[in-house]
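**Student:** Below you'll find final-v4.pdb; it's PDB, C-alpha atoms.
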```
MODEL        1
ATOM      1  CA  MET A   1      49.681 -20.834  31.303
ATOM      2  CA  LYS A   2      49.754 -17.092  30.719
ATOM      3  CA  ARG A   3      46.476 -15.217  30.984
ATOM      4  CA  ASP A   4      45.539 -12.262  28.817
ATOM      5  CA  PRO A   5      45.520  -8.968  30.666
ATOM      6  CA  LEU A   6      42.157  -7.408  31.335
ATOM      7  CA  PRO A   7      41.024  -4.929  28.674
ATOM      8  CA  HIS A   8      41.352  -1.232  29.409
ATOM      9  CA  LEU A   9      37.993   0.273  30.331
ATOM     10  CA  TYR A  10      37.226   3.917  29.605
ATOM     11  CA  TYR A  11      35.214   6.120  31.937
ATOM     12  CA  PRO A  12      32.141   8.098  30.861
ATOM     13  CA  ALA A  13      34.244  11.253  31.301
ATOM     14  CA  ASP A  14      36.694   9.978  28.640
ATOM     15  CA  VAL A  15      33.871   9.346  26.168
ATOM     16  CA  ALA A  16      32.256  12.694  27.001
ATOM     17  CA  ARG A  17      35.528  14.545  26.402
ATOM     18  CA  ALA A  18      35.979  12.846  23.018
ATOM     19  CA  LEU A  19      32.407  13.697  21.960
ATOM     20  CA  GLY A  20      32.324  17.189  23.421
ATOM     21  CA  LYS A  21      29.362  16.253  25.617
ATOM     22  CA  SER A  22      28.803  16.060  29.356
ATOM     23  CA  GLU A  23      29.446  12.986  31.462
ATOM     24  CA  TRP A  24      25.760  12.979  32.419
ATOM     25  CA  TRP A  25      24.798  12.883  28.711
ATOM     26  CA  VAL A  26      27.008   9.826  28.104
ATOM     27  CA  LYS A  27      25.528   8.003  31.108
ATOM     28  CA  GLU A  28      21.999   8.865  29.935
ATOM     29  CA  GLN A  29      22.727   7.440  26.461
ATOM     30  CA  ALA A  30      24.059   4.242  28.052
ATOM     31  CA  ARG A  31      21.111   4.035  30.456
ATOM     32  CA  ASN A  32      18.721   4.241  27.483
ATOM     33  CA  HIS A  33      20.778   1.651  25.531
ATOM     34  CA  ARG A  34      21.609   4.129  22.766
ATOM     35  CA  ILE A  35      25.329   3.388  22.984
ATOM     36  CA  PRO A  36      27.180   0.150  23.774
ATOM     37  CA  TYR A  37      28.631  -0.114  27.277
ATOM     38  CA  THR A  38      29.895  -2.492  29.935
ATOM     39  CA  LYS A  39      28.619  -2.263  33.475
ATOM     40  CA  PRO A  40      30.901  -3.945  36.001
ATOM     41  CA  GLY A  41      28.932  -3.431  39.169
ATOM     42  CA  ARG A  42      27.022  -0.147  39.231
ATOM     43  CA  ALA A  43      29.347   1.938  37.016
ATOM     44  CA  TYR A  44      29.221   2.513  33.257
ATOM     45  CA  ARG A  45      32.480   1.636  31.496
ATOM     46  CA  PHE A  46      33.456   1.342  27.839
ATOM     47  CA  THR A  47      35.896  -1.009  26.117
ATOM     48  CA  ALA A  48      38.026   0.302  23.232
ATOM     49  CA  GLU A  49      35.611  -1.263  20.738
ATOM     50  CA  GLN A  50      32.581   0.276  22.435
ATOM     51  CA  PHE A  51      34.358   3.635  22.612
ATOM     52  CA  ALA A  52      35.098   3.498  18.869
ATOM     53  CA  GLU A  53      31.512   2.466  18.077
ATOM     54  CA  THR A  54      30.155   5.353  20.152
ATOM     55  CA  LEU A  55      32.456   7.794  18.369
ATOM     56  CA  ARG A  56      31.264   6.407  15.025
ATOM     57  CA  LEU A  57      27.598   6.728  16.054
ATOM     58  CA  PHE A  58      27.983  10.307  17.244
ATOM     59  CA  ALA A  59      30.561  11.609  14.795
ATOM     60  CA  GLU A  60      30.705  15.389  14.383
ATOM     61  CA  GLY A  61      27.546  16.569  12.679
ATOM     62  CA  SER A  62      25.737  13.306  13.298
ATOM     63  CA  THR A  63      22.673  13.329  15.501
ATOM     64  CA  GLY A  64      23.301   9.794  16.664
ATOM     65  CA  PRO A  65      21.181   6.692  16.314
ATOM     66  CA  SER A  66      17.606   7.304  15.412
ATOM     67  CA  VAL A  67      15.404   6.798  18.420
ATOM     68  CA  SER A  68      11.703   6.455  17.877
ATOM     69  CA  PRO A  69       9.728   8.646  20.251
ATOM     70  CA  GLN A  70       7.610   6.947  22.858
ATOM     71  CA  PRO A  71       3.981   6.647  21.698
ATOM     72  CA  ARG A  72       1.671   8.997  23.536
ATOM     73  CA  PRO A  73      -1.400   7.564  25.218
ATOM     74  CA  THR A  74      -4.443   7.796  22.979
ATOM     75  CA  SER A  75      -7.022   8.071  25.733
ATOM     76  CA  VAL A  76      -8.453  11.533  26.280
ATOM     77  CA  ARG A  77      -9.112  12.753  29.782
ATOM     78  CA  VAL A  78     -11.557  15.494  30.607
ATOM     79  CA  MET A  79      -9.883  18.278  32.567
ATOM     80  CA  GLY A  80     -10.857  18.238  36.213
ATOM     81  CA  ALA A  81     -12.203  14.688  36.111
ATOM     82  CA  PRO A  82     -10.216  12.254  38.244
ATOM     83  CA  PRO A  83      -8.747   9.241  36.441
ATOM     84  CA  LYS A  84     -10.792   6.065  36.693
ATOM     85  CA  LEU A  85      -8.926   3.545  38.769
ATOM     86  CA  PRO A  86      -9.997  -0.025  39.459
ATOM     87  CA  ARG A  87     -11.692  -0.286  42.825
ATOM     88  CA  PRO A  88      -9.924  -2.470  45.372
ATOM     89  CA  ALA A  89     -11.694  -5.415  46.934
ATOM     90  CA  PRO A  90     -13.671  -4.446  50.048
ATOM     91  CA  ALA A  91     -11.585  -4.709  53.191
ATOM     92  CA  SER A  92     -12.587  -5.175  56.783
ATOM     93  CA  GLN A  93     -13.440  -2.031  58.720
ATOM     94  CA  LEU A  94     -10.351  -0.468  60.289
ATOM     95  CA  ARG A  95     -10.337   0.978  63.795
ATOM     96  CA  ALA A  96      -7.977   3.627  65.090
ATOM     97  CA  ARG A  97      -5.881   2.857  68.136
ATOM     98  CA  PRO A  98      -6.332   5.081  71.172
ATOM     99  CA  PRO A  99      -3.571   7.690  71.531
ATOM    100  CA  ARG A 100      -0.600   6.600  73.623
ATOM    101  CA  ARG A 101      -1.031   9.362  76.151
ATOM    102  CA  THR A 102      -4.555   8.106  76.884
ATOM    103  CA  VAL A 103      -3.302   4.537  77.356
ATOM    104  CA  HIS A 104      -0.466   5.784  79.568
ATOM    105  CA  LEU A 105      -2.812   7.881  81.743
ATOM    106  CA  ASN A 106      -5.255   4.964  82.087
ATOM    107  CA  GLN A 107      -2.402   2.715  83.288
ATOM    108  CA  GLN A 108      -1.352   5.296  85.889
ATOM    109  CA  GLN A 109      -4.943   5.621  87.150
ATOM    110  CA  ASP A 110      -5.299   1.839  87.369
ATOM    111  CA  ALA A 111      -2.052   1.596  89.351
ATOM    112  CA  ALA A 112      -3.142   4.299  91.829
TER
ENDMDL
END
```
As a first step, turn the structure in this file into structure tokens.
**Tutor:**
Amino acid sequence: MKRDPLPHLYYPADVARALGKSEWWVKEQARNHRIPYTKPGRAYRFTAEQFAETLRLFAEGSTGPSVSPQPRPTSVRVMGAPPKLPRPAPASQLRARPPRRTVHLNQQQDAA
């Protein structure tokens, strides 16, 4: 039984060159799911279909897919006032350890 060869995967640099953008820009678009991609392991790669779709999305003169801006928080904070954080549950009182040099000197005095 003959297996199909693996599809050719394009690098972000190939897509960036075709779009006239930087490699970082292509990776950022993939990271934000604005363009289709394949991620074998930790690297971004693009099949021929994904490459063509990306070129179609960002054709010359096109601004790309519309991305809705993230909603801004509606709460207003007074300048200089610290943010109100939930208070943690009361913990037991912590005690500092004596410095090591003090412990070491005490051991020497006890030995003498």
**Student:** Which one is closest to Arg45 of chain A: A:Tyr10, A:His33, A:Lys21, A:Ala89? Count all atoms listed in the file.
**Tutor:**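 The shortest atom-to-atom distance to Arg45 of chain A comes from A:Tyr10.
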**Student:** Determine, counting all atoms listed in the file, which protein, DNA and RNA residues have an atom within 8 Å of an atom of His8 of chain A; residues of the same chain fewer than 2 positions away are not included. Present the result as an MDAnalysis selection string.
**Tutor:** chainID A and resid 6 10 47:48
**Student:** Would you compute the distance between atom CA of Pro5 of chain A and atom CA of Arg56 of chain A? Give it in Å to one decimal.
**Tutor:**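 Going from atom CA of Pro5 of chain A over to atom CA of Arg56 of chain A, I get 26.2 Å.
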**Student:** Could you expand the PyMOL selection byres ((chain A and resi 36) around 12) into the explicit residues it covers here, written as an NGL selection string?
**Tutor:** :A and (12 or 15 or 26-35 or 37-39 or 44-57 or 65)
**Student:** Tell me, in Å to one decimal, how far atom CA of Asp110 of chain A is from atom CA of Arg97 of chain A.
**Tutor:**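 So the two atoms, atom CA of Asp110 of chain A and atom CA of Arg97 of chain A, lie 19.3 Å apart.
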**Student:** How many Å lie between atom CA of Pro40 of chain A and atom CA of Tyr11 of chain A, rounded to one decimal?
**Tutor:**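 Interatomic distance, atom CA of Pro40 of chain A to atom CA of Tyr11 of chain A: 11.7 Å.
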**Student:** With distances taken over only C-alpha atoms, which of A:Arg42, A:Arg95, A:Leu19, A:Trp25 is nearest to Phe58 of chain A?
**Tutor:**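 The shortest atom-to-atom distance to Phe58 of chain A comes from A:Leu19.
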**Student:** Tell me which of A:Pro86, A:Pro98, A:Glu23, A:Ala43 sits closest to Leu9 of chain A, counting only C-alpha atoms.
**Tutor:**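 Under the stated criterion, the closest residue is A:Ala43.
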**Student:** Any chance you could export segment 43-62 of chain A with N, CA and C atoms, as a PDB file, in the first residue's frame?
**Tutor:**
```pdb
ATOM      1  N   ALA A  43       6.398  25.374  16.310  1.00  0.00           N
ATOM      2  CA  ALA A  43       6.629  26.275  15.176  1.00  0.00           C
ATOM      3  C   ALA A  43       5.353  26.489  14.376  1.00  0.00           C
ATOM      4  N   TYR A  44       5.196  27.692  13.819  1.00  0.00           N
ATOM      5  CA  TYR A  44       4.064  27.988  12.950  1.00  0.00           C
ATOM      6  C   TYR A  44       4.445  27.575  11.530  1.00  0.00           C
ATOM      7  N   ARG A  45       3.560  26.803  10.897  1.00  0.00           N
ATOM      8  CA  ARG A  45       3.758  26.387   9.509  1.00  0.00           C
ATOM      9  C   ARG A  45       2.434  26.556   8.783  1.00  0.00           C
ATOM     10  N   PHE A  46       2.502  26.598   7.442  1.00  0.00           N
ATOM     11  CA  PHE A  46       1.321  26.856   6.635  1.00  0.00           C
ATOM     12  C   PHE A  46       1.282  25.877   5.469  1.00  0.00           C
ATOM     13  N   THR A  47       0.128  25.211   5.298  1.00  0.00           N
ATOM     14  CA  THR A  47      -0.055  24.349   4.132  1.00  0.00           C
ATOM     15  C   THR A  47      -0.321  25.248   2.930  1.00  0.00           C
ATOM     16  N   ALA A  48      -0.347  24.658   1.729  1.00  0.00           N
ATOM     17  CA  ALA A  48      -0.603  25.438   0.514  1.00  0.00           C
ATOM     18  C   ALA A  48      -1.980  26.094   0.577  1.00  0.00           C
ATOM     19  N   GLU A  49      -2.964  25.370   1.112  1.00  0.00           N
ATOM     20  CA  GLU A  49      -4.311  25.933   1.225  1.00  0.00           C
ATOM     21  C   GLU A  49      -4.343  27.097   2.212  1.00  0.00           C
ATOM     22  N   GLN A  50      -3.670  26.942   3.332  1.00  0.00           N
ATOM     23  CA  GLN A  50      -3.621  28.015   4.326  1.00  0.00           C
ATOM     24  C   GLN A  50      -2.861  29.223   3.796  1.00  0.00           C
ATOM     25  N   PHE A  51      -1.805  28.964   3.035  1.00  0.00           N
ATOM     26  CA  PHE A  51      -1.024  30.036   2.418  1.00  0.00           C
ATOM     27  C   PHE A  51      -1.912  30.826   1.459  1.00  0.00           C
ATOM     28  N   ALA A  52      -2.662  30.112   0.617  1.00  0.00           N
ATOM     29  CA  ALA A  52      -3.550  30.767  -0.349  1.00  0.00           C
ATOM     30  C   ALA A  52      -4.650  31.559   0.365  1.00  0.00           C
ATOM     31  N   GLU A  53      -5.207  31.001   1.426  1.00  0.00           N
ATOM     32  CA  GLU A  53      -6.244  31.688   2.189  1.00  0.00           C
ATOM     33  C   GLU A  53      -5.690  32.968   2.834  1.00  0.00           C
ATOM     34  N   THR A  54      -4.487  32.897   3.348  1.00  0.00           N
ATOM     35  CA  THR A  54      -3.857  34.072   3.952  1.00  0.00           C
ATOM     36  C   THR A  54      -3.618  35.141   2.901  1.00  0.00           C
ATOM     37  N   LEU A  55      -3.141  34.733   1.728  1.00  0.00           N
ATOM     38  CA  LEU A  55      -2.944  35.700   0.644  1.00  0.00           C
ATOM     39  C   LEU A  55      -4.273  36.334   0.240  1.00  0.00           C
ATOM     40  N   ARG A  56      -5.344  35.548   0.214  1.00  0.00           N
ATOM     41  CA  ARG A  56      -6.655  36.083  -0.141  1.00  0.00           C
ATOM     42  C   ARG A  56      -7.136  37.071   0.923  1.00  0.00           C
ATOM     43  N   LEU A  57      -6.915  36.740   2.201  1.00  0.00           N
ATOM     44  CA  LEU A  57      -7.353  37.616   3.289  1.00  0.00           C
ATOM     45  C   LEU A  57      -6.619  38.954   3.271  1.00  0.00           C
ATOM     46  N   PHE A  58      -5.318  38.907   2.974  1.00  0.00           N
ATOM     47  CA  PHE A  58      -4.507  40.109   3.033  1.00  0.00           C
ATOM     48  C   PHE A  58      -4.018  40.514   1.652  1.00  0.00           C
ATOM     49  N   ALA A  59      -4.897  40.456   0.673  1.00  0.00           N
ATOM     50  CA  ALA A  59      -4.537  40.861  -0.678  1.00  0.00           C
ATOM     51  C   ALA A  59      -4.141  42.335  -0.662  1.00  0.00           C
ATOM     52  N   GLU A  60      -3.367  42.736  -1.660  1.00  0.00           N
ATOM     53  CA  GLU A  60      -2.891  44.127  -1.728  1.00  0.00           C
ATOM     54  C   GLU A  60      -4.058  45.092  -1.593  1.00  0.00           C
ATOM     55  N   GLY A  61      -3.926  46.032  -0.686  1.00  0.00           N
ATOM     56  CA  GLY A  61      -4.968  47.020  -0.469  1.00  0.00           C
ATOM     57  C   GLY A  61      -5.986  46.588   0.564  1.00  0.00           C
ATOM     58  N   SER A  62      -5.992  45.328   0.918  1.00  0.00           N
ATOM     59  CA  SER A  62      -6.939  44.847   1.917  1.00  0.00           C
ATOM     60  C   SER A  62      -6.328  45.018   3.299  1.00  0.00           C
TER      61      SER A  62
END
```
